[in-house]
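Asks: This is the structure, below, for whatever I ask next.
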Amino acid sequence: MLDIQPLLTTCELAARAGAEQLMAWRGRFSTREKSAFDLVTDADLASQEAIQAAISKEFPDHGFLGEESPAAEQLAKPYCWVVDPLDGTTNYVHDFPFFAVSVAVVQAGKVVAGAIFDPLRDELFLAGAGLGATLNGKPFTTSGAEVLGKSLLAVSFPPNLNTDMPDLKAFLRAAPKCLAVRRTGSAAMNLAYVACGRLDGHWAFNIHPWDSAAGVLLVSEAGGIATSCQGKNYDVTSGDYLVAATPQLHQDLLQTILSD
């Protein structure tokens, strides 16, 4: 039987090591564009280096897939760490206080442990497969929301957003039917907030594994529902997801974002 606790311990240590770099680099980093509207900073790179060092110390034979070294073949290894060293880079660059570090472990295609750490609020979201989810050590569950019209949702848009993208079309369908929709700029934080009940649902059609892996596990372990945007099983290799607090809300939201 898989012993998840050592993985969880390293998830936390790695996430905190990355966040330490993010805080140290605030206000003194340089920025460049990876692609149109998609930024990377010295802080992203320093954070990933610190995370990878922490993981390699404990699990030197494991694979590593990070946003700043996106080698997808690493997921084929028996264990692979999937890492976003700075989720919410644009927020970070503008000193908008909403960003996080996301660290997850994938075993044979299944996310088995994950951490999302918000250094500004000192909030550590942690989940292990079959072990539930915690915030700073205290267990939590989703909001239990069932009614779309009373739900607070979040959407994640890709950097190069255009009017034909499914995320935007889904937003236009969902916004009139729910209480409100937020775009925070951090998919990992959105997922953590659905898990702990601050949000009720969230989706992303165009997203990466490192954005979603830890957060999808958090939602599932907190009692929520997590699937692909088509309602199929979540696939870490593609990354897209639809999460909701309850099965009823998930079904209503799924029908809404896919309707023509």
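Ordering of the structure tokens sets the chain letters (A, B, ...); residue numbers start at 1 within each chain; ligands are numbered from 1 in the order shown.
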Which residues come within 9 Å of region 181-194 of chain A, counting only C-alpha atoms, excluding same-chain residues fewer than 3 positions away, as number ranges by chain?
Replies: A: 84, 87-91, 98-102, 116-118, 125, 142-143, 151-157, 171, 174-175, 178, 197-204, 207, 210-216, 218-219, 224, 243-245
Asks: Save the residues we just selected, C-alpha atoms, as a PDB file, in the first residue's frame?
Replies:
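part.pdb, freshly written:
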ATOM      1  CA  ASP A  84       3.687  25.441 -10.804  1.00  0.00           C
ATOM      2  CA  ASP A  87       0.596  30.463 -10.319  1.00  0.00           C
ATOM      3  CA  GLY A  88      -0.606  33.987 -10.927  1.00  0.00           C
ATOM      4  CA  THR A  89       2.531  35.496 -12.449  1.00  0.00           C
ATOM      5  CA  THR A  90       0.711  38.506 -13.901  1.00  0.00           C
ATOM      6  CA  ASN A  91      -0.774  39.202 -10.467  1.00  0.00           C
ATOM      7  CA  PHE A  98      -3.319  36.700  -5.356  1.00  0.00           C
ATOM      8  CA  PHE A  99      -0.745  34.086  -6.309  1.00  0.00           C
ATOM      9  CA  ALA A 100       0.439  30.721  -5.034  1.00  0.00           C
ATOM     10  CA  VAL A 101       2.777  27.758  -5.384  1.00  0.00           C
ATOM     11  CA  SER A 102       1.279  24.434  -6.490  1.00  0.00           C
ATOM     12  CA  ILE A 116      -1.134  24.774  -2.699  1.00  0.00           C
ATOM     13  CA  PHE A 117       0.544  27.440  -0.617  1.00  0.00           C
ATOM     14  CA  ASP A 118      -0.462  31.099  -0.490  1.00  0.00           C
ATOM     15  CA  PHE A 125      -3.923  23.654   1.415  1.00  0.00           C
ATOM     16  CA  THR A 142     -16.717  22.133   0.068  1.00  0.00           C
ATOM     17  CA  SER A 143     -19.558  24.605   0.551  1.00  0.00           C
ATOM     18  CA  SER A 151     -23.416  29.981  -6.456  1.00  0.00           C
ATOM     19  CA  LEU A 152     -20.209  31.974  -6.682  1.00  0.00           C
ATOM     20  CA  LEU A 153     -18.103  30.631  -9.553  1.00  0.00           C
ATOM     21  CA  ALA A 154     -14.665  31.270 -11.009  1.00  0.00           C
ATOM     22  CA  VAL A 155     -13.313  31.016 -14.535  1.00  0.00           C
ATOM     23  CA  SER A 156      -9.741  30.800 -15.801  1.00  0.00           C
ATOM     24  CA  PHE A 157      -8.938  32.355 -19.167  1.00  0.00           C
ATOM     25  CA  PHE A 171     -18.499  32.404 -19.092  1.00  0.00           C
ATOM     26  CA  ALA A 174     -22.881  30.821 -16.927  1.00  0.00           C
ATOM     27  CA  ALA A 175     -22.723  34.453 -15.791  1.00  0.00           C
ATOM     28  CA  CYS A 178     -25.245  32.204 -11.225  1.00  0.00           C
ATOM     29  CA  GLY A 197     -15.969  26.499   0.329  1.00  0.00           C
ATOM     30  CA  ARG A 198     -15.008  30.055  -0.590  1.00  0.00           C
ATOM     31  CA  LEU A 199     -16.100  29.354  -4.175  1.00  0.00           C
ATOM     32  CA  ASP A 200     -18.736  26.885  -5.334  1.00  0.00           C
ATOM     33  CA  GLY A 201     -17.551  25.947  -8.831  1.00  0.00           C
ATOM     34  CA  HIS A 202     -14.806  26.578 -11.345  1.00  0.00           C
ATOM     35  CA  TRP A 203     -13.772  25.485 -14.832  1.00  0.00           C
ATOM     36  CA  ALA A 204     -10.918  25.790 -17.302  1.00  0.00           C
ATOM     37  CA  ILE A 207      -5.063  24.869 -18.891  1.00  0.00           C
ATOM     38  CA  TRP A 210       0.762  22.062 -13.313  1.00  0.00           C
ATOM     39  CA  ASP A 211      -2.125  24.511 -12.885  1.00  0.00           C
ATOM     40  CA  SER A 212      -4.672  21.846 -12.038  1.00  0.00           C
ATOM     41  CA  ALA A 213      -3.137  18.724 -10.484  1.00  0.00           C
ATOM     42  CA  ALA A 214      -2.929  19.696  -6.811  1.00  0.00           C
ATOM     43  CA  GLY A 215      -6.171  21.680  -6.851  1.00  0.00           C
ATOM     44  CA  VAL A 216      -8.285  18.974  -8.464  1.00  0.00           C
ATOM     45  CA  LEU A 218      -8.040  19.109  -3.088  1.00  0.00           C
ATOM     46  CA  VAL A 219     -11.576  19.427  -4.442  1.00  0.00           C
ATOM     47  CA  GLY A 224     -16.496  17.984  -4.319  1.00  0.00           C
ATOM     48  CA  VAL A 243     -15.117  21.281 -10.397  1.00  0.00           C
ATOM     49  CA  ALA A 244     -18.118  21.924  -8.189  1.00  0.00           C
ATOM     50  CA  ALA A 245     -19.124  21.612  -4.552  1.00  0.00           C
TER      51      ALA A 245
END
Asks: Can you tell me, as a ChimeraX atom specification, what residues are no more than 10 Å from region 7-18 of chain A when counting only C-alpha atoms, ignoring any on the same chain fewer than 2 positions away?
Replies: /A:2-5,20-23,43-59,81,83-86,100-105,112-119,122,124-128,214
Asks: To one decimal place, how far is CA of Thr227 (chain A) from CA of Pro209 (chain A) in Å?
Replies: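 Those two atoms sit 13.5 Å apart.
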Asks: Using Å and a single decimal, report how far CA of Tyr241 (chain A) sits from CA of Asp167 (chain A).
Replies: 11.1 Å
Asks: Leaving out Lys177 (chain A) and any residue of its chain fewer than 6 positions from it, which residues lie within 12 Å of it when counting only C-alpha atoms, given as a list of chain:residue names?
Replies: A:Val147, A:Leu148, A:Gly149, A:Lys150, A:Ser151, A:Leu152, A:Leu153, A:Ala170, A:Phe171, A:Leu249, A:Asp252, A:Leu253, A:Gln255, A:Thr256, A:Ile257
Asks: Near Glu221 (chain A), counting only C-alpha atoms, which residues have an atom at most 8 Å away, once you skip same-chain residues fewer than 4 positions from it, shown as a list in words?
Replies: Ala127, Gly128, Ala129, Gly130, Leu131, Gly132, Ala133 and Leu217 of chain A
Asks: Which residue is closest to Lys110 (chain A)? Choose from A:Gln248, A:Asn136, A:Asn233, A:Ser259 and count only C-alpha atoms.
Replies: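 Looking only at the distances to Lys110 (chain A), the closest residue turns out to be A:Asn233.
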Asks: As an mmCIF file with N, CA and C atoms, in the first residue's frame, please: every residue in region 5-251 of chain A that DSSP puts in helix (DSSP H, G or I).
Replies:
data_model
loop_
_atom_site.group_PDB
_atom_site.id
_atom_site.type_symbol
_atom_site.label_atom_id
_atom_site.label_comp_id
_atom_site.auth_asym_id
_atom_site.auth_seq_id
_atom_site.Cartn_x
_atom_site.Cartn_y
_atom_site.Cartn_z
ATOM 1 N N GLN A 5 2.099 9.769 3.300
ATOM 2 C CA GLN A 5 2.571 10.805 4.220
ATOM 3 C C GLN A 5 3.934 11.386 3.856
ATOM 4 N N PRO A 6 4.930 10.571 3.486
ATOM 5 C CA PRO A 6 6.211 11.180 3.078
ATOM 6 C C PRO A 6 6.069 12.092 1.855
ATOM 7 N N LEU A 7 5.165 11.740 0.954
ATOM 8 C CA LEU A 7 4.921 12.590 -0.211
ATOM 9 C C LEU A 7 4.298 13.912 0.216
ATOM 10 N N LEU A 8 3.339 13.854 1.142
ATOM 11 C CA LEU A 8 2.699 15.071 1.639
ATOM 12 C C LEU A 8 3.704 15.972 2.350
ATOM 13 N N THR A 9 4.553 15.373 3.140
ATOM 14 C CA THR A 9 5.559 16.152 3.856
ATOM 15 C C THR A 9 6.455 16.899 2.885
ATOM 16 N N THR A 10 6.866 16.216 1.819
ATOM 17 C CA THR A 10 7.721 16.859 0.830
ATOM 18 C C THR A 10 6.956 17.875 -0.005
ATOM 19 N N CYS A 11 5.689 17.615 -0.277
ATOM 20 C CA CYS A 11 4.850 18.626 -0.951
ATOM 21 C C CYS A 11 4.879 19.938 -0.181
ATOM 22 N N GLU A 12 4.685 19.838 1.124
ATOM 23 C CA GLU A 12 4.679 21.051 1.946
ATOM 24 C C GLU A 12 6.042 21.722 1.959
ATOM 25 N N LEU A 13 7.088 20.949 2.192
ATOM 26 C CA LEU A 13 8.436 21.522 2.238
ATOM 27 C C LEU A 13 8.798 22.196 0.926
ATOM 28 N N ALA A 14 8.466 21.545 -0.192
ATOM 29 C CA ALA A 14 8.789 22.097 -1.505
ATOM 30 C C ALA A 14 7.997 23.364 -1.785
ATOM 31 N N ALA A 15 6.697 23.347 -1.460
ATOM 32 C CA ALA A 15 5.857 24.525 -1.691
ATOM 33 C C ALA A 15 6.342 25.717 -0.871
ATOM 34 N N ARG A 16 6.723 25.463 0.362
ATOM 35 C CA ARG A 16 7.219 26.549 1.207
ATOM 36 C C ARG A 16 8.574 27.063 0.718
ATOM 37 N N ALA A 17 9.408 26.155 0.218
ATOM 38 C CA ALA A 17 10.706 26.584 -0.317
ATOM 39 C C ALA A 17 10.529 27.478 -1.529
ATOM 40 N N GLY A 18 9.588 27.100 -2.414
ATOM 41 C CA GLY A 18 9.306 27.942 -3.568
ATOM 42 C C GLY A 18 8.748 29.290 -3.171
ATOM 43 N N ALA A 19 7.811 29.279 -2.227
ATOM 44 C CA ALA A 19 7.188 30.527 -1.784
ATOM 45 C C ALA A 19 8.194 31.464 -1.130
ATOM 46 N N GLU A 20 9.163 30.893 -0.446
ATOM 47 C CA GLU A 20 10.209 31.726 0.161
ATOM 48 C C GLU A 20 10.942 32.525 -0.908
ATOM 49 N N GLN A 21 11.192 31.901 -2.040
ATOM 50 C CA GLN A 21 11.837 32.609 -3.147
ATOM 51 C C GLN A 21 10.926 33.693 -3.721
ATOM 52 N N LEU A 22 9.652 33.395 -3.843
ATOM 53 C CA LEU A 22 8.714 34.398 -4.368
ATOM 54 C C LEU A 22 8.705 35.646 -3.486
ATOM 55 N N MET A 23 8.691 35.447 -2.194
ATOM 56 C CA MET A 23 8.660 36.595 -1.287
ATOM 57 C C MET A 23 9.981 37.348 -1.318
ATOM 58 N N ALA A 24 11.083 36.616 -1.455
ATOM 59 C CA ALA A 24 12.397 37.264 -1.486
ATOM 60 C C ALA A 24 12.591 38.105 -2.746
ATOM 61 N N TRP A 25 11.966 37.675 -3.857
ATOM 62 C CA TRP A 25 12.139 38.370 -5.130
ATOM 63 C C TRP A 25 11.138 39.504 -5.345
ATOM 64 N N ASP A 42 12.155 36.307 -12.827
ATOM 65 C CA ASP A 42 13.236 35.673 -12.085
ATOM 66 C C ASP A 42 12.669 34.851 -10.932
ATOM 67 N N ALA A 43 11.576 35.329 -10.360
ATOM 68 C CA ALA A 43 10.977 34.654 -9.212
ATOM 69 C C ALA A 43 10.430 33.279 -9.589
ATOM 70 N N ASP A 44 9.769 33.171 -10.769
ATOM 71 C CA ASP A 44 9.299 31.863 -11.244
ATOM 72 C C ASP A 44 10.457 30.867 -11.279
ATOM 73 N N LEU A 45 11.553 31.296 -11.857
ATOM 74 C CA LEU A 45 12.696 30.413 -12.063
ATOM 75 C C LEU A 45 13.354 30.035 -10.732
ATOM 76 N N ALA A 46 13.510 31.013 -9.844
ATOM 77 C CA ALA A 46 14.115 30.739 -8.541
ATOM 78 C C ALA A 46 13.228 29.827 -7.705
ATOM 79 N N SER A 47 11.932 30.044 -7.784
ATOM 80 C CA SER A 47 10.994 29.205 -7.044
ATOM 81 C C SER A 47 11.050 27.769 -7.532
ATOM 82 N N GLN A 48 11.033 27.578 -8.859
ATOM 83 C CA GLN A 48 11.076 26.208 -9.372
ATOM 84 C C GLN A 48 12.381 25.518 -9.003
ATOM 85 N N GLU A 49 13.482 26.240 -9.045
ATOM 86 C CA GLU A 49 14.766 25.648 -8.677
ATOM 87 C C GLU A 49 14.750 25.185 -7.223
ATOM 88 N N ALA A 50 14.173 25.993 -6.342
ATOM 89 C CA ALA A 50 14.107 25.628 -4.921
ATOM 90 C C ALA A 50 13.186 24.438 -4.700
ATOM 91 N N ILE A 51 12.072 24.410 -5.415
ATOM 92 C CA ILE A 51 11.132 23.291 -5.302
ATOM 93 C C ILE A 51 11.773 21.998 -5.773
ATOM 94 N N GLN A 52 12.416 22.057 -6.919
ATOM 95 C CA GLN A 52 13.027 20.853 -7.475
ATOM 96 C C GLN A 52 14.143 20.341 -6.573
ATOM 97 N N ALA A 53 14.890 21.239 -5.968
ATOM 98 C CA ALA A 53 15.958 20.826 -5.055
ATOM 99 C C ALA A 53 15.380 20.111 -3.839
ATOM 100 N N ALA A 54 14.282 20.628 -3.307
ATOM 101 C CA ALA A 54 13.658 20.010 -2.140
ATOM 102 C C ALA A 54 13.126 18.621 -2.462
ATOM 103 N N ILE A 55 12.553 18.480 -3.644
ATOM 104 C CA ILE A 55 12.012 17.178 -4.052
ATOM 105 C C ILE A 55 13.129 16.180 -4.333
ATOM 106 N N SER A 56 14.138 16.617 -5.071
ATOM 107 C CA SER A 56 15.242 15.732 -5.451
ATOM 108 C C SER A 56 15.990 15.204 -4.236
ATOM 109 N N LYS A 57 16.032 15.996 -3.177
ATOM 110 C CA LYS A 57 16.712 15.563 -1.957
ATOM 111 C C LYS A 57 16.043 14.327 -1.376
ATOM 112 N N GLU A 58 14.708 14.270 -1.450
ATOM 113 C CA GLU A 58 13.960 13.163 -0.855
ATOM 114 C C GLU A 58 13.650 12.055 -1.859
ATOM 115 N N ALA A 72 6.715 16.910 -20.955
ATOM 116 C CA ALA A 72 5.532 16.085 -20.700
ATOM 117 C C ALA A 72 5.864 14.605 -20.548
ATOM 118 N N GLU A 73 6.956 14.163 -21.143
ATOM 119 C CA GLU A 73 7.314 12.742 -21.045
ATOM 120 C C GLU A 73 7.627 12.321 -19.609
ATOM 121 N N GLN A 74 7.877 13.285 -18.734
ATOM 122 C CA GLN A 74 8.141 12.968 -17.332
ATOM 123 C C GLN A 74 6.939 12.297 -16.665
ATOM 124 N N LEU A 75 5.744 12.575 -17.179
ATOM 125 C CA LEU A 75 4.535 11.976 -16.609
ATOM 126 C C LEU A 75 4.469 10.476 -16.827
ATOM 127 N N ALA A 76 5.271 9.949 -17.722
ATOM 128 C CA ALA A 76 5.286 8.508 -17.978
ATOM 129 C C ALA A 76 6.047 7.741 -16.904
ATOM 130 N N THR A 89 1.354 34.667 -12.186
ATOM 131 C CA THR A 89 2.531 35.496 -12.449
ATOM 132 C C THR A 89 2.159 36.941 -12.772
ATOM 133 N N THR A 90 1.119 37.136 -13.566
ATOM 134 C CA THR A 90 0.711 38.506 -13.901
ATOM 135 C C THR A 90 0.290 39.268 -12.649
ATOM 136 N N ASN A 91 -0.421 38.590 -11.750
ATOM 137 C CA ASN A 91 -0.774 39.202 -10.467
ATOM 138 C C ASN A 91 0.489 39.585 -9.701
ATOM 139 N N TYR A 92 1.436 38.662 -9.648
ATOM 140 C CA TYR A 92 2.692 38.886 -8.927
ATOM 141 C C TYR A 92 3.449 40.089 -9.498
ATOM 142 N N VAL A 93 3.523 40.160 -10.821
ATOM 143 C CA VAL A 93 4.235 41.258 -11.471
ATOM 144 C C VAL A 93 3.615 42.609 -11.122
ATOM 145 N N LEU A 148 -27.332 26.556 -8.793
ATOM 146 C CA LEU A 148 -26.478 27.395 -9.632
ATOM 147 C C LEU A 148 -26.772 28.871 -9.413
ATOM 148 N N GLY A 149 -28.031 29.223 -9.280
ATOM 149 C CA GLY A 149 -28.409 30.623 -9.132
ATOM 150 C C GLY A 149 -27.923 31.274 -7.852
ATOM 151 N N LYS A 150 -27.480 30.476 -6.883
ATOM 152 C CA LYS A 150 -26.983 31.007 -5.621
ATOM 153 C C LYS A 150 -25.474 30.780 -5.460
ATOM 154 N N PRO A 166 -13.515 28.471 -25.826
ATOM 155 C CA PRO A 166 -14.625 27.903 -25.077
ATOM 156 C C PRO A 166 -14.767 28.460 -23.664
ATOM 157 N N ASP A 167 -13.666 28.870 -23.037
ATOM 158 C CA ASP A 167 -13.763 29.435 -21.693
ATOM 159 C C ASP A 167 -14.614 30.703 -21.682
ATOM 160 N N LEU A 168 -14.409 31.558 -22.679
ATOM 161 C CA LEU A 168 -15.167 32.796 -22.748
ATOM 162 C C LEU A 168 -16.626 32.520 -23.081
ATOM 163 N N LYS A 169 -16.864 31.592 -24.003
ATOM 164 C CA LYS A 169 -18.240 31.239 -24.341
ATOM 165 C C LYS A 169 -18.952 30.653 -23.134
ATOM 166 N N ALA A 170 -18.257 29.819 -22.364
ATOM 167 C CA ALA A 170 -18.850 29.239 -21.159
ATOM 168 C C ALA A 170 -19.154 30.323 -20.127
ATOM 169 N N PHE A 171 -18.262 31.293 -20.015
ATOM 170 C CA PHE A 171 -18.499 32.404 -19.092
ATOM 171 C C PHE A 171 -19.780 33.158 -19.455
ATOM 172 N N LEU A 172 -19.969 33.409 -20.730
ATOM 173 C CA LEU A 172 -21.157 34.146 -21.173
ATOM 174 C C LEU A 172 -22.436 33.349 -20.924
ATOM 175 N N ARG A 173 -22.339 32.016 -20.939
ATOM 176 C CA ARG A 173 -23.513 31.189 -20.648
ATOM 177 C C ARG A 173 -23.788 31.122 -19.145
ATOM 178 N N ALA A 174 -22.718 31.034 -18.366
ATOM 179 C CA ALA A 174 -22.881 30.821 -16.927
ATOM 180 C C ALA A 174 -23.187 32.095 -16.157
ATOM 181 N N ALA A 175 -22.603 33.213 -16.564
ATOM 182 C CA ALA A 175 -22.723 34.453 -15.791
ATOM 183 C C ALA A 175 -24.165 34.866 -15.507
ATOM 184 N N PRO A 176 -25.094 34.782 -16.486
ATOM 185 C CA PRO A 176 -26.468 35.196 -16.187
ATOM 186 C C PRO A 176 -27.221 34.232 -15.271
ATOM 187 N N LYS A 177 -26.677 33.020 -15.086
ATOM 188 C CA LYS A 177 -27.405 31.991 -14.344
ATOM 189 C C LYS A 177 -26.930 31.794 -12.912
ATOM 190 N N ALA A 187 -5.491 29.862 -11.255
ATOM 191 C CA ALA A 187 -6.318 28.656 -11.294
ATOM 192 C C ALA A 187 -6.125 27.821 -10.042
ATOM 193 N N ALA A 188 -4.887 27.707 -9.566
ATOM 194 C CA ALA A 188 -4.619 26.913 -8.367
ATOM 195 C C ALA A 188 -5.376 27.458 -7.166
ATOM 196 N N MET A 189 -5.374 28.761 -7.002
ATOM 197 C CA MET A 189 -6.102 29.366 -5.880
ATOM 198 C C MET A 189 -7.603 29.178 -6.039
ATOM 199 N N ASN A 190 -8.097 29.291 -7.269
ATOM 200 C CA ASN A 190 -9.524 29.040 -7.503
ATOM 201 C C ASN A 190 -9.911 27.640 -7.043
ATOM 202 N N LEU A 191 -9.104 26.662 -7.422
ATOM 203 C CA LEU A 191 -9.387 25.274 -7.050
ATOM 204 C C LEU A 191 -9.332 25.091 -5.536
ATOM 205 N N ALA A 192 -8.340 25.670 -4.896
ATOM 206 C CA ALA A 192 -8.250 25.586 -3.437
ATOM 207 C C ALA A 192 -9.471 26.223 -2.775
ATOM 208 N N TYR A 193 -9.955 27.316 -3.363
ATOM 209 C CA TYR A 193 -11.104 28.015 -2.786
ATOM 210 C C TYR A 193 -12.404 27.239 -2.993
ATOM 211 N N VAL A 194 -12.533 26.521 -4.117
ATOM 212 C CA VAL A 194 -13.693 25.635 -4.272
ATOM 213 C C VAL A 194 -13.626 24.532 -3.217
ATOM 214 N N ALA A 195 -12.443 23.994 -3.024
ATOM 215 C CA ALA A 195 -12.277 22.900 -2.071
ATOM 216 C C ALA A 195 -12.691 23.309 -0.660
ATOM 217 N N CYS A 196 -12.316 24.519 -0.244
ATOM 218 C CA CYS A 196 -12.587 24.927 1.142
ATOM 219 C C CYS A 196 -13.878 25.712 1.303
ATOM 220 N N PRO A 209 -1.291 20.898 -16.886
ATOM 221 C CA PRO A 209 -1.304 19.985 -15.737
ATOM 222 C C PRO A 209 -0.817 20.632 -14.447
ATOM 223 N N TRP A 210 0.212 21.464 -14.538
ATOM 224 C CA TRP A 210 0.762 22.062 -13.313
ATOM 225 C C TRP A 210 -0.196 23.069 -12.681
ATOM 226 N N ASP A 211 -1.122 23.608 -13.448
ATOM 227 C CA ASP A 211 -2.125 24.511 -12.885
ATOM 228 C C ASP A 211 -3.194 23.766 -12.110
ATOM 229 N N SER A 212 -3.474 22.524 -12.517
ATOM 230 C CA SER A 212 -4.672 21.846 -12.038
ATOM 231 C C SER A 212 -4.448 20.681 -11.086
ATOM 232 N N ALA A 213 -3.291 20.017 -11.151
ATOM 233 C CA ALA A 213 -3.137 18.724 -10.484
ATOM 234 C C ALA A 213 -3.418 18.778 -8.988
ATOM 235 N N ALA A 214 -2.739 19.641 -8.260
ATOM 236 C CA ALA A 214 -2.929 19.696 -6.811
ATOM 237 C C ALA A 214 -4.343 20.144 -6.454
ATOM 238 N N GLY A 215 -4.857 21.128 -7.174
ATOM 239 C CA GLY A 215 -6.171 21.680 -6.851
ATOM 240 C C GLY A 215 -7.311 20.726 -7.104
ATOM 241 N N VAL A 216 -7.236 19.957 -8.185
ATOM 242 C CA VAL A 216 -8.285 18.974 -8.464
ATOM 243 C C VAL A 216 -8.328 17.921 -7.359
ATOM 244 N N LEU A 217 -7.162 17.497 -6.880
ATOM 245 C CA LEU A 217 -7.142 16.550 -5.760
ATOM 246 C C LEU A 217 -7.760 17.176 -4.514
ATOM 247 N N LEU A 218 -7.453 18.422 -4.245
ATOM 248 C CA LEU A 218 -8.040 19.109 -3.088
ATOM 249 C C LEU A 218 -9.563 19.075 -3.141
ATOM 250 N N VAL A 219 -10.117 19.417 -4.298
ATOM 251 C CA VAL A 219 -11.576 19.427 -4.442
ATOM 252 C C VAL A 219 -12.155 18.035 -4.209
ATOM 253 N N SER A 220 -11.575 17.036 -4.826
ATOM 254 C CA SER A 220 -12.066 15.665 -4.687
ATOM 255 C C SER A 220 -12.009 15.197 -3.240
ATOM 256 N N GLU A 221 -10.897 15.493 -2.566
ATOM 257 C CA GLU A 221 -10.736 15.043 -1.185
ATOM 258 C C GLU A 221 -11.593 15.847 -0.208
ATOM 259 N N PRO A 247 -22.616 17.142 -6.540
ATOM 260 C CA PRO A 247 -22.991 16.536 -7.831
ATOM 261 C C PRO A 247 -24.074 17.322 -8.563
ATOM 262 N N GLN A 248 -25.067 17.834 -7.829
ATOM 263 C CA GLN A 248 -26.143 18.582 -8.479
ATOM 264 C C GLN A 248 -25.621 19.853 -9.139
ATOM 265 N N LEU A 249 -24.801 20.592 -8.414
ATOM 266 C CA LEU A 249 -24.240 21.819 -8.986
ATOM 267 C C LEU A 249 -23.331 21.488 -10.169
ATOM 268 N N HIS A 250 -22.562 20.440 -10.050
ATOM 269 C CA HIS A 250 -21.682 20.040 -11.142
ATOM 270 C C HIS A 250 -22.478 19.725 -12.397
ATOM 271 N N GLN A 251 -23.585 18.991 -12.251
ATOM 272 C CA GLN A 251 -24.393 18.629 -13.405
ATOM 273 C C GLN A 251 -25.002 19.862 -14.059
#
Asks: Apply DSSP to the backbone of this structure and, from region 197-243 of chain A, keep only the residues in strand (DSSP E); write these as JSON, numbers by chain.
Replies: {"A": [201, 202, 203, 204, 225, 226, 227, 241, 242, 243]}
Asks: Counting only C-alpha atoms, which residue out of A:His94, A:Thr134, A:Val82, A:Thr246 sits closest to His208 (chain A)?
Replies: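 Closest to His208 (chain A) of all the choices is A:Val82.
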